[in-house]
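Okay, input-v3.cif now, which holds mmCIF, C-alpha atoms and all ligand atoms:
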data_start
loop_
_atom_site.label_atom_id
_atom_site.label_comp_id
_atom_site.auth_asym_id
_atom_site.auth_seq_id
_atom_site.Cartn_x
_atom_site.Cartn_y
_atom_site.Cartn_z
CA MET A 1368 110.65 160.72 128.22
CA PRO A 1369 109.15 162.05 124.99
CA GLN A 1370 105.85 160.74 123.80
CA ILE A 1371 105.70 159.21 120.35
CA LEU A 1372 102.90 160.55 118.16
CA ASP A 1373 101.50 157.30 116.81
CA GLY A 1374 100.24 157.94 113.29
CA ASN A 1375 99.03 154.36 112.84
CA ARG A 1376 96.78 154.62 115.90
CA ILE A 1377 95.30 157.95 114.81
CA ARG A 1378 94.82 156.65 111.26
CA ASP A 1379 92.83 153.70 112.63
CA GLU A 1380 90.77 156.05 114.79
CA ILE A 1381 89.97 158.26 111.78
CA LYS A 1382 89.11 155.26 109.63
CA SER A 1383 86.73 153.85 112.21
CA GLU A 1384 84.99 157.22 112.40
CA LEU A 1385 84.63 157.22 108.62
CA LYS A 1386 82.96 153.81 108.43
CA PRO A 1387 79.47 154.92 109.53
CA ARG A 1388 79.69 157.93 107.20
CA VAL A 1389 80.51 155.62 104.28
CA ALA A 1390 77.66 153.33 105.35
CA ALA A 1391 75.24 156.29 105.43
CA LEU A 1392 76.26 157.21 101.88
CA ALA A 1393 75.93 153.60 100.73
CA ALA A 1394 72.44 153.52 102.29
CA GLN A 1395 71.54 156.47 100.09
CA GLY A 1396 72.41 154.31 97.09
CA ARG A 1397 76.03 155.07 96.36
CA ALA A 1398 79.34 154.56 98.17
CA PRO A 1399 81.90 157.36 97.79
CA GLY A 1400 84.17 156.98 94.75
CA LEU A 1401 87.84 157.88 94.33
CA ALA A 1402 89.66 157.86 90.98
CA VAL A 1403 93.40 157.45 91.16
CA VAL A 1404 95.39 158.28 88.05
CA LEU A 1405 98.84 156.71 87.95
CA VAL A 1406 100.88 157.50 84.86
CA GLY A 1407 103.69 155.09 83.89
CA HIS A 1408 105.63 152.87 86.28
CA ASN A 1409 107.27 154.90 89.04
CA PRO A 1410 107.89 152.24 91.75
CA ALA A 1411 107.41 154.66 94.69
CA SER A 1412 104.18 156.02 93.17
CA GLU A 1413 102.95 152.45 92.57
CA ILE A 1414 103.35 151.69 96.30
CA TYR A 1415 101.56 154.91 97.33
CA VAL A 1416 98.69 154.19 94.94
CA ARG A 1417 98.40 150.58 96.08
CA ASN A 1418 98.13 151.78 99.69
CA LYS A 1419 95.49 154.35 98.78
CA ILE A 1420 93.40 151.76 96.95
CA LYS A 1421 93.76 149.30 99.84
CA SER A 1422 92.54 152.00 102.23
CA CYS A 1423 89.49 152.56 100.01
CA GLN A 1424 88.76 148.84 100.06
CA ASP A 1425 89.03 148.71 103.86
CA LEU A 1426 86.43 151.45 104.14
CA GLY A 1427 84.04 150.39 101.39
CA ILE A 1428 84.96 153.36 99.18
CA PHE A 1429 84.75 152.58 95.48
CA SER A 1430 88.08 153.13 93.73
CA ALA A 1431 88.82 153.42 90.03
CA SER A 1432 92.44 153.03 89.09
CA LEU A 1433 93.51 154.56 85.79
CA THR A 1434 96.98 153.72 84.52
CA PRO A 1435 97.81 155.55 81.29
CA PRO A 1436 101.23 154.92 79.73
CA GLU A 1437 104.37 156.96 80.48
CA SER A 1438 104.14 158.41 76.95
CA ILE A 1439 100.78 160.16 77.56
CA THR A 1440 100.56 163.77 76.38
CA THR A 1441 99.21 166.71 78.35
CA GLU A 1442 96.15 166.86 76.06
CA GLU A 1443 95.40 163.15 76.50
CA LEU A 1444 95.70 163.39 80.27
CA LEU A 1445 93.51 166.52 80.30
CA ALA A 1446 90.85 164.59 78.38
CA LEU A 1447 91.00 161.77 80.93
CA VAL A 1448 90.68 164.19 83.87
CA ARG A 1449 87.73 165.92 82.20
CA GLN A 1450 85.97 162.56 81.83
CA LEU A 1451 86.45 161.94 85.55
CA ASN A 1452 85.17 165.42 86.36
CA VAL A 1453 81.77 164.53 84.91
CA ARG A 1454 81.50 160.95 86.15
CA PRO A 1455 78.71 160.88 88.74
CA ASP A 1456 80.20 157.89 90.60
CA ILE A 1457 83.50 159.71 91.24
CA ASP A 1458 83.72 162.12 94.18
CA GLY A 1459 87.46 162.51 94.34
CA ILE A 1460 90.20 162.65 91.70
CA LEU A 1461 93.80 162.10 92.59
CA VAL A 1462 96.53 162.47 89.98
CA GLN A 1463 99.61 160.83 91.45
CA LEU A 1464 102.69 163.06 91.17
CA PRO A 1465 105.30 163.29 89.79
CA LEU A 1466 104.06 163.22 86.19
CA PRO A 1467 106.39 162.51 83.26
CA LYS A 1468 108.45 165.46 82.01
CA GLN A 1469 106.42 166.02 78.82
CA VAL A 1470 103.22 166.55 80.83
CA ASP A 1471 102.36 170.04 82.06
CA THR A 1472 101.59 169.25 85.73
CA LYS A 1473 100.12 172.68 86.51
CA ARG A 1474 97.59 172.40 83.65
CA ILE A 1475 96.56 168.94 84.83
CA LEU A 1476 96.04 170.01 88.43
CA LEU A 1477 94.11 173.04 87.23
CA ALA A 1478 91.83 170.79 85.18
CA VAL A 1479 90.63 168.75 88.17
CA ALA A 1480 87.17 169.99 89.22
CA PRO A 1481 87.78 171.89 92.50
CA GLU A 1482 84.93 170.05 94.24
CA LYS A 1483 86.59 166.70 93.39
CA ASP A 1484 90.12 167.89 94.23
CA VAL A 1485 90.70 165.61 97.22
CA ASP A 1486 94.41 166.47 97.27
CA GLY A 1487 93.62 170.16 97.86
CA PHE A 1488 96.11 171.21 95.17
CA HIS A 1489 93.75 173.19 92.87
CA PRO A 1490 94.37 176.97 93.06
CA CYS A 1491 90.71 177.44 94.12
CA ASN A 1492 91.30 175.23 97.13
CA VAL A 1493 94.67 176.81 97.84
CA GLY A 1494 92.76 180.12 97.88
CA ASN A 1495 90.18 178.62 100.24
CA LEU A 1496 93.01 177.55 102.52
CA VAL A 1497 94.62 181.00 102.50
CA ALA A 1498 91.27 182.65 103.22
CA ALA A 1499 90.35 179.98 105.83
CA LEU A 1500 87.23 179.11 103.82
CA PRO A 1501 85.83 175.56 103.70
CA GLY A 1502 87.34 173.23 101.12
CA PRO A 1503 89.55 170.18 100.90
CA ARG A 1504 92.94 170.70 102.54
CA ALA A 1505 96.17 169.09 101.35
CA CYS A 1506 96.30 165.69 103.03
CA THR A 1507 99.73 165.64 104.71
CA PRO A 1508 99.35 169.11 106.28
CA ALA A 1509 95.79 168.31 107.38
CA GLY A 1510 97.07 165.05 108.88
CA ILE A 1511 99.69 166.91 110.90
CA ILE A 1512 97.06 169.21 112.42
CA GLU A 1513 94.84 166.21 113.13
CA LEU A 1514 97.70 164.45 114.90
CA LEU A 1515 98.40 167.51 117.08
CA ARG A 1516 94.71 167.94 117.81
CA ARG A 1517 94.09 164.32 118.78
CA TYR A 1518 97.10 164.34 121.13
CA HIS A 1519 95.74 167.57 122.69
CA ILE A 1520 98.91 169.47 121.85
CA PRO A 1521 98.18 173.18 122.07
CA ILE A 1522 99.00 175.23 118.97
CA ALA A 1523 97.54 178.67 119.76
CA GLY A 1524 100.20 181.09 120.95
CA LYS A 1525 103.07 178.69 120.19
CA ARG A 1526 106.08 179.44 118.03
CA ALA A 1527 105.97 177.09 115.01
CA VAL A 1528 108.86 176.75 112.59
CA VAL A 1529 108.30 174.92 109.29
CA VAL A 1530 111.38 173.88 107.36
CA GLY A 1531 110.38 173.53 103.69
CA ARG A 1532 108.17 175.70 101.52
CA SER A 1533 106.71 173.24 99.01
CA ASP A 1534 103.15 173.68 97.74
CA ILE A 1535 102.16 170.25 99.02
CA VAL A 1536 103.60 170.32 102.54
CA GLY A 1537 105.55 173.37 103.76
CA LYS A 1538 103.27 176.22 102.67
CA PRO A 1539 99.92 174.60 103.50
CA VAL A 1540 101.04 173.30 106.91
CA ALA A 1541 102.36 176.77 107.75
CA LEU A 1542 98.97 178.27 106.85
CA LEU A 1543 97.07 175.67 108.86
CA LEU A 1544 99.27 176.34 111.89
CA LEU A 1545 98.69 180.07 111.40
CA HIS A 1546 94.92 179.49 111.31
CA GLU A 1547 95.33 177.63 114.61
CA HIS A 1548 96.94 180.83 115.96
CA ALA A 1549 100.56 179.77 116.07
CA THR A 1550 103.25 182.34 115.27
CA VAL A 1551 104.76 180.77 112.19
CA THR A 1552 108.16 181.02 110.52
CA ILE A 1553 108.76 179.30 107.18
CA CYS A 1554 112.36 178.33 106.41
CA HIS A 1555 114.00 177.06 103.24
CA SER A 1556 117.37 176.44 101.66
CA LYS A 1557 118.29 180.14 101.74
CA THR A 1558 117.47 180.69 105.42
CA PRO A 1559 120.58 181.85 107.29
CA ASP A 1560 121.45 180.14 110.55
CA LEU A 1561 118.72 177.55 110.27
CA PRO A 1562 119.59 175.78 113.56
CA ALA A 1563 119.08 179.03 115.52
CA VAL A 1564 115.69 179.66 113.89
CA CYS A 1565 114.61 176.06 114.52
CA ARG A 1566 115.67 176.27 118.16
CA GLU A 1567 113.01 178.96 118.66
CA ALA A 1568 110.30 176.45 117.78
CA ASP A 1569 107.81 175.05 120.24
CA ILE A 1570 106.49 173.09 117.25
CA LEU A 1571 109.09 172.16 114.64
CA VAL A 1572 107.91 170.72 111.32
CA ALA A 1573 110.58 169.28 109.02
CA ALA A 1574 109.49 168.82 105.39
CA ILE A 1575 112.81 168.92 103.59
CA GLY A 1576 113.62 165.59 101.98
CA ARG A 1577 117.13 165.31 103.47
CA ALA A 1578 117.88 162.29 105.61
CA CYS A 1579 118.18 163.24 109.30
CA MET A 1580 119.33 166.79 108.52
CA ILE A 1581 117.65 168.10 111.68
CA THR A 1582 119.96 167.17 114.54
CA ARG A 1583 120.14 168.14 118.20
CA ASP A 1584 121.42 171.66 117.38
CA PHE A 1585 118.05 172.42 115.77
CA ILE A 1586 115.78 171.22 118.57
CA LYS A 1587 114.72 173.25 121.60
CA PRO A 1588 114.41 170.93 124.61
CA GLY A 1589 110.73 170.12 125.08
CA ALA A 1590 109.74 170.99 121.49
CA VAL A 1591 107.11 169.05 119.56
CA VAL A 1592 108.89 167.64 116.52
CA ILE A 1593 106.94 166.65 113.42
CA ASP A 1594 109.02 164.78 110.87
CA VAL A 1595 107.43 164.70 107.42
CA GLY A 1596 110.50 163.43 105.54
CA THR A 1597 110.65 160.02 103.98
CA ASN A 1598 114.16 159.25 102.81
CA ARG A 1599 115.91 155.99 102.06
CA VAL A 1600 119.43 155.66 103.41
CA GLU A 1601 121.30 153.23 101.21
CA ASP A 1602 124.81 153.82 102.53
CA ARG A 1603 125.72 151.63 105.51
CA ASP A 1604 128.21 154.15 106.93
CA GLU A 1605 125.54 156.85 106.84
CA ALA A 1606 123.10 154.50 108.60
CA ALA A 1607 125.78 153.75 111.22
CA ARG A 1608 126.37 157.49 111.78
CA ILE A 1609 122.65 158.33 112.04
CA PHE A 1610 121.91 155.49 114.45
CA ARG A 1611 125.22 155.76 116.33
CA ASN A 1612 126.21 152.21 115.44
CA SER A 1613 123.02 150.71 116.91
CA ALA A 1614 123.41 146.96 116.35
CA GLU A 1615 119.64 146.56 115.96
CA ARG A 1616 119.33 149.25 113.28
CA LEU A 1617 122.39 148.02 111.41
CA ALA A 1618 121.00 144.49 111.42
CA ALA A 1619 117.79 145.91 109.91
CA PHE A 1620 119.90 147.75 107.33
CA ASP A 1621 121.83 144.58 106.46
CA LYS A 1622 118.58 142.66 106.02
CA ARG A 1623 116.97 145.19 103.67
CA GLY A 1624 119.94 146.97 102.16
CA ASN A 1625 118.47 150.34 103.17
CA LEU A 1626 116.61 152.12 105.96
CA LEU A 1627 113.70 154.52 105.82
CA VAL A 1628 114.41 157.68 107.80
CA GLY A 1629 112.88 161.09 108.19
CA ASP A 1630 114.38 164.56 108.02
CA VAL A 1631 115.03 164.52 111.77
CA ASN A 1632 117.64 162.43 113.54
CA PRO A 1633 115.38 160.10 115.56
CA LEU A 1634 117.84 159.65 118.42
CA ASP A 1635 118.19 163.40 118.90
CA ALA A 1636 114.41 163.86 118.73
CA ALA A 1637 113.94 161.08 121.29
CA GLU A 1638 116.39 162.79 123.64
CA LEU A 1639 115.15 166.36 123.33
CA ALA A 1640 111.55 166.53 122.15
CA SER A 1641 108.44 166.37 124.32
CA PHE A 1642 106.53 164.68 121.47
CA TYR A 1643 107.78 163.46 118.11
CA THR A 1644 106.59 161.54 115.08
CA PRO A 1645 108.54 158.41 114.17
CA VAL A 1646 109.43 157.50 110.58
CA PRO A 1647 107.83 155.24 109.54
CA GLY A 1648 104.56 155.34 111.49
CA GLY A 1649 104.16 159.05 112.19
CA VAL A 1650 102.91 161.50 109.58
CA GLY A 1651 102.80 158.99 106.68
CA PRO A 1652 99.69 157.02 107.74
CA LEU A 1653 97.79 160.28 108.30
CA THR A 1654 98.25 161.35 104.68
CA ILE A 1655 96.14 158.48 103.36
CA ALA A 1656 93.64 158.80 106.21
CA MET A 1657 93.04 162.46 105.30
CA LEU A 1658 92.64 161.51 101.64
CA MET A 1659 89.84 159.19 102.75
CA VAL A 1660 88.32 161.99 104.87
CA ASN A 1661 88.40 164.36 101.88
CA THR A 1662 86.81 161.74 99.61
CA VAL A 1663 83.99 160.99 102.05
CA ALA A 1664 83.41 164.71 102.69
CA SER A 1665 83.22 165.33 98.94
CA ALA A 1666 80.70 162.51 98.51
CA GLU A 1667 78.58 163.87 101.38
CA HIS A 1668 78.67 167.29 99.85
CA ARG A 1669 77.74 166.04 96.40
CA THR A 1670 74.87 163.90 97.67
CA GLY A 1671 73.58 166.67 99.92
CA LEU A 1672 74.32 164.79 103.14
CA CYS A 1673 76.14 167.79 104.58
P1 LIG B 1701 110.25 169.51 98.17
O1 LIG B 1701 111.52 168.99 97.60
O2 LIG B 1701 109.20 169.98 97.26
O3 LIG B 1701 110.60 170.72 99.16
C1 LIG B 1701 111.68 170.63 100.04
C2 LIG B 1701 111.83 171.94 100.78
O4 LIG B 1701 112.93 171.79 101.67
C3 LIG B 1701 112.12 173.12 99.86
O5 LIG B 1701 111.33 174.23 100.24
C4 LIG B 1701 113.60 173.38 100.09
O6 LIG B 1701 113.96 174.76 100.03
C5 LIG B 1701 113.79 172.91 101.51
N1 LIG B 1701 115.17 172.52 101.72
C6 LIG B 1701 115.92 171.67 100.99
N2 LIG B 1701 117.17 171.61 101.49
C7 LIG B 1701 117.22 172.44 102.53
C8 LIG B 1701 118.23 172.83 103.43
N3 LIG B 1701 119.46 172.32 103.36
N4 LIG B 1701 117.93 173.73 104.39
C9 LIG B 1701 116.69 174.25 104.48
N5 LIG B 1701 115.68 173.92 103.65
C10 LIG B 1701 115.94 173.03 102.69
O7 LIG B 1701 109.74 168.38 99.15
P2 LIG B 1701 108.26 168.05 99.71
O8 LIG B 1701 107.76 169.18 100.50
O9 LIG B 1701 107.43 167.49 98.63
O10 LIG B 1701 108.60 166.83 100.68
C11 LIG B 1701 109.47 166.99 101.78
C12 LIG B 1701 109.72 165.63 102.41
O11 LIG B 1701 108.50 165.12 102.90
C13 LIG B 1701 110.24 164.57 101.45
O12 LIG B 1701 111.10 163.69 102.15
C14 LIG B 1701 109.00 163.82 101.04
O13 LIG B 1701 109.28 162.48 100.65
C15 LIG B 1701 108.24 163.85 102.33
N6 LIG B 1701 106.78 163.72 102.17
C16 LIG B 1701 106.17 162.84 102.99
C17 LIG B 1701 104.81 162.69 102.94
C18 LIG B 1701 104.17 161.75 103.89
O14 LIG B 1701 103.02 161.42 103.70
N7 LIG B 1701 104.87 161.31 104.94
C19 LIG B 1701 103.99 163.42 101.98
C20 LIG B 1701 104.72 164.40 101.20
C21 LIG B 1701 106.08 164.52 101.31
P3 LIG B 1701 113.92 175.62 98.65
O15 LIG B 1701 112.46 175.91 98.43
O16 LIG B 1701 114.71 176.82 98.99
O17 LIG B 1701 114.52 174.74 97.61
#

Would you mind writing the file's structure down as structure tokens?
Amino acid sequence: MPQILDGNRIRDEIKSELKPRVAALAAQGRAPGLAVVLVGHNPASEIYVRNKIKSCQDLGIFSASLTPPESITTEELLALVRQLNVRPDIDGILVQLPLPKQVDTKRILLAVAPEKDVDGFHPCNVGNLVAALPGPRACTPAGIIELLRRYHIPIAGKRAVVVGRSDIVGKPVALLLLHEHATVTICHSKTPDLPAVCREADILVAAIGRACMITRDFIKPGAVVIDVGTNRVEDRDEAARIFRNSAERLAAFDKRGNLLVGDVNPLDAAELASFYTPVPGGVGPLTIAMLMVNTVASAEHRTGLC
């Protein structure tokens, strides 16, 4: 039987470890502060931001929510970021992506002060990651490593295959696995014979954004399967195919009109993997937990506590 990697449990563990660190900062006169910039009204982004702010509240981290209109220009958003860069009460700045089309996302991310870049997206911090120097790491990739570490899953010497080469998940998680001494292959949409490459993986990370694309043909028996994908299936026939007509899952579909699934077929992962992350409840909760870790670490650094 495979073991489920329980992201909610690890998130709670991480949060309880953060509480005394937040208390120590508060005792010095100032709780850590996170600014979240949410442009316009993207419903998915609104949910992510709400969850991030709730997490701050749970931990006693001060959060400032800035909600400029959809019509904001690059220059206006740059000015807002620069104000946050110099605010002493703000230790972390998060600009929720995606930004509207008229805004130059790269310029905005470049404008965030590297020491307040709790998303780890600034080129300085990407450089720190490549060079294995200290600095904030991108939250989802850092969460994946944390999950493996806390379940005592060995990485050194293992074959890791990462499907997806985005700047926010695929590339950084591949580098983190490399730094943990895995032998890493990065795959993408032009990789020939993807199932064969994936079947070489002791640790398979799927960060694709395609509902349940990774099926049994991609999974080596006994592999550790990390499913980063978050996809909504809105077609009942597709849900029936993915869950092999499971009455329970179809009832859930009928209730909500959709189902949240990952990039990996969960039934195939359950049959073949030694460990796997469920969706929801696997990698997702770790992303916010690592954002909290980065914010607290930034505050400690800025107040000279570490
Ligand atoms: P991107 O769209 O930026 O990248 C997707 C990657 O998958 C690309 O590198 C793309 O290749 C590759 N890809 C697409 N189709 C195929 C295919 N048929 N075969 C092989 N590779 C393919 O996505 P993200 O990295 O931002 O996100 C990936 C998934 O993870 C999404 O579902 C997203 O919602 C989820 N996510 C979840 C988070 C969480 O906290 N749980 C956080 C962040 C993301 P190419 O480069 O060649 O186009």

One decimal place gives the atom CA of A:Val1646-atom O12 of ligand LIG 1701 (chain B) separation as 10.6 Å

Within 6 Å of ligand LIG 1701 (chain B) (all atoms listed in the file), residues as a list of chain:residue names:
A:Thr1507, A:Val1530, A:Gly1531, A:Arg1532, A:Ser1533, A:Ile1535, A:Val1536, A:Gly1537, A:His1555, A:Ser1556, A:Lys1557, A:Ala1574, A:Ile1575, A:Gly1576, A:Val1595, A:Gly1596, A:Thr1597, A:Asn1598, A:Val1650, A:Gly1651, A:Thr1654

With 10 Å as the cut-off and all atoms listed in the file counted, what is the closest atom pair between each nearby residue of stretch 1585-1619 of chain A and stretch 1372-1388 of chain A? Distances in Å to one decimal, ordered by chain and number, as JSON lines.
{"residue": "A:Val1591", "atom": "CA", "partner": "A:Leu1372", "partner_atom": "CA", "distance": 9.6}
{"residue": "A:Val1592", "atom": "CA", "partner": "A:Leu1372", "partner_atom": "CA", "distance": 9.4}
{"residue": "A:Ile1593", "atom": "CA", "partner": "A:Leu1372", "partner_atom": "CA", "distance": 8.7}

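Nearest residue to A:Val1540, choosing from A:Ile1520, A:Ala1390, A:Ile1512, A:Cys1554 and counting only C-alpha atoms: A:Ile1512.
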
Near A:Pro1467, counting only C-alpha atoms, which residues have an atom at most 12 Å away, once you skip same-chain residues fewer than 4 positions from it, shown as an MDAnalysis selection string?
chainID A and resid 1405:1409 1435:1441 1444 1462:1463 1471:1472 1475

Got a minute to add all heavy atoms to stretch 1419-1429 of chain A and dump it as an mmCIF file, keeping the file's coordinate frame?
data_model
loop_
_atom_site.group_PDB
_atom_site.id
_atom_site.type_symbol
_atom_site.label_atom_id
_atom_site.label_comp_id
_atom_site.auth_asym_id
_atom_site.auth_seq_id
_atom_site.Cartn_x
_atom_site.Cartn_y
_atom_site.Cartn_z
ATOM 1 N N LYS A 1419 96.706 153.530 98.817
ATOM 2 C CA LYS A 1419 95.490 154.350 98.780
ATOM 3 C C LYS A 1419 94.294 153.480 98.382
ATOM 4 O O LYS A 1419 93.214 153.575 98.979
ATOM 5 C CB LYS A 1419 95.671 155.511 97.783
ATOM 6 C CG LYS A 1419 96.615 156.581 98.326
ATOM 7 C CD LYS A 1419 97.082 157.576 97.282
ATOM 8 C CE LYS A 1419 98.124 158.506 97.907
ATOM 9 N NZ LYS A 1419 98.745 159.435 96.974
ATOM 10 N N ILE A 1420 94.497 152.612 97.407
ATOM 11 C CA ILE A 1420 93.400 151.760 96.950
ATOM 12 C C ILE A 1420 93.020 150.755 98.053
ATOM 13 O O ILE A 1420 91.835 150.494 98.300
ATOM 14 C CB ILE A 1420 93.771 151.067 95.623
ATOM 15 C CG1 ILE A 1420 93.744 152.133 94.523
ATOM 16 C CG2 ILE A 1420 92.831 149.918 95.284
ATOM 17 C CD1 ILE A 1420 94.268 151.710 93.194
ATOM 18 N N LYS A 1421 94.033 150.255 98.741
ATOM 19 C CA LYS A 1421 93.760 149.300 99.840
ATOM 20 C C LYS A 1421 92.925 149.997 100.931
ATOM 21 O O LYS A 1421 91.982 149.406 101.471
ATOM 22 C CB LYS A 1421 95.098 148.796 100.388
ATOM 23 C CG LYS A 1421 95.060 148.192 101.759
ATOM 24 C CD LYS A 1421 95.571 146.767 101.746
ATOM 25 C CE LYS A 1421 95.314 145.976 103.012
ATOM 26 N NZ LYS A 1421 94.530 146.538 104.053
ATOM 27 N N SER A 1422 93.287 151.243 101.217
ATOM 28 C CA SER A 1422 92.540 152.000 102.230
ATOM 29 C C SER A 1422 91.084 152.171 101.810
ATOM 30 O O SER A 1422 90.162 152.067 102.635
ATOM 31 C CB SER A 1422 93.190 153.366 102.390
ATOM 32 O OG SER A 1422 93.372 153.667 103.705
ATOM 33 N N CYS A 1423 90.865 152.461 100.528
ATOM 34 C CA CYS A 1423 89.490 152.560 100.010
ATOM 35 C C CYS A 1423 88.753 151.250 100.239
ATOM 36 O O CYS A 1423 87.602 151.244 100.712
ATOM 37 C CB CYS A 1423 89.499 152.858 98.510
ATOM 38 S SG CYS A 1423 89.962 154.534 98.088
ATOM 39 N N GLN A 1424 89.421 150.148 99.902
ATOM 40 C CA GLN A 1424 88.760 148.840 100.060
ATOM 41 C C GLN A 1424 88.393 148.580 101.507
ATOM 42 O O GLN A 1424 87.293 148.124 101.813
ATOM 43 C CB GLN A 1424 89.696 147.727 99.536
ATOM 44 C CG GLN A 1424 89.779 147.712 98.016
ATOM 45 C CD GLN A 1424 90.955 146.883 97.505
ATOM 46 O OE1 GLN A 1424 91.843 146.506 98.262
ATOM 47 N NE2 GLN A 1424 90.986 146.633 96.202
ATOM 48 N N ASP A 1425 89.308 148.919 102.429
ATOM 49 C CA ASP A 1425 89.030 148.710 103.860
ATOM 50 C C ASP A 1425 87.756 149.427 104.293
ATOM 51 O O ASP A 1425 87.040 148.965 105.174
ATOM 52 C CB ASP A 1425 90.158 149.306 104.730
ATOM 53 C CG ASP A 1425 91.457 148.541 104.607
ATOM 54 O OD1 ASP A 1425 91.424 147.441 104.044
ATOM 55 O OD2 ASP A 1425 92.496 149.073 105.056
ATOM 56 N N LEU A 1426 87.533 150.594 103.678
ATOM 57 C CA LEU A 1426 86.430 151.450 104.140
ATOM 58 C C LEU A 1426 85.144 151.269 103.334
ATOM 59 O O LEU A 1426 84.122 151.857 103.675
ATOM 60 C CB LEU A 1426 86.854 152.924 104.044
ATOM 61 C CG LEU A 1426 87.828 153.391 105.112
ATOM 62 C CD1 LEU A 1426 88.366 154.765 104.780
ATOM 63 C CD2 LEU A 1426 87.136 153.412 106.467
ATOM 64 N N GLY A 1427 85.214 150.507 102.251
ATOM 65 C CA GLY A 1427 84.040 150.390 101.390
ATOM 66 C C GLY A 1427 83.874 151.562 100.439
ATOM 67 O O GLY A 1427 82.780 151.840 99.934
ATOM 68 N N ILE A 1428 84.981 152.270 100.180
ATOM 69 C CA ILE A 1428 84.960 153.360 99.180
ATOM 70 C C ILE A 1428 85.284 152.737 97.826
ATOM 71 O O ILE A 1428 86.233 151.951 97.709
ATOM 72 C CB ILE A 1428 85.997 154.447 99.555
ATOM 73 C CG1 ILE A 1428 85.594 155.142 100.853
ATOM 74 C CG2 ILE A 1428 86.191 155.448 98.424
ATOM 75 C CD1 ILE A 1428 86.616 156.143 101.386
ATOM 76 N N PHE A 1429 84.484 153.087 96.822
ATOM 77 C CA PHE A 1429 84.750 152.580 95.480
ATOM 78 C C PHE A 1429 85.996 153.269 94.926
ATOM 79 O O PHE A 1429 86.144 154.479 95.057
ATOM 80 C CB PHE A 1429 83.523 152.870 94.592
ATOM 81 C CG PHE A 1429 83.809 152.773 93.122
ATOM 82 C CD1 PHE A 1429 84.043 151.545 92.516
ATOM 83 C CD2 PHE A 1429 83.855 153.925 92.334
ATOM 84 C CE1 PHE A 1429 84.320 151.458 91.160
ATOM 85 C CE2 PHE A 1429 84.134 153.845 90.984
ATOM 86 C CZ PHE A 1429 84.360 152.611 90.396
#
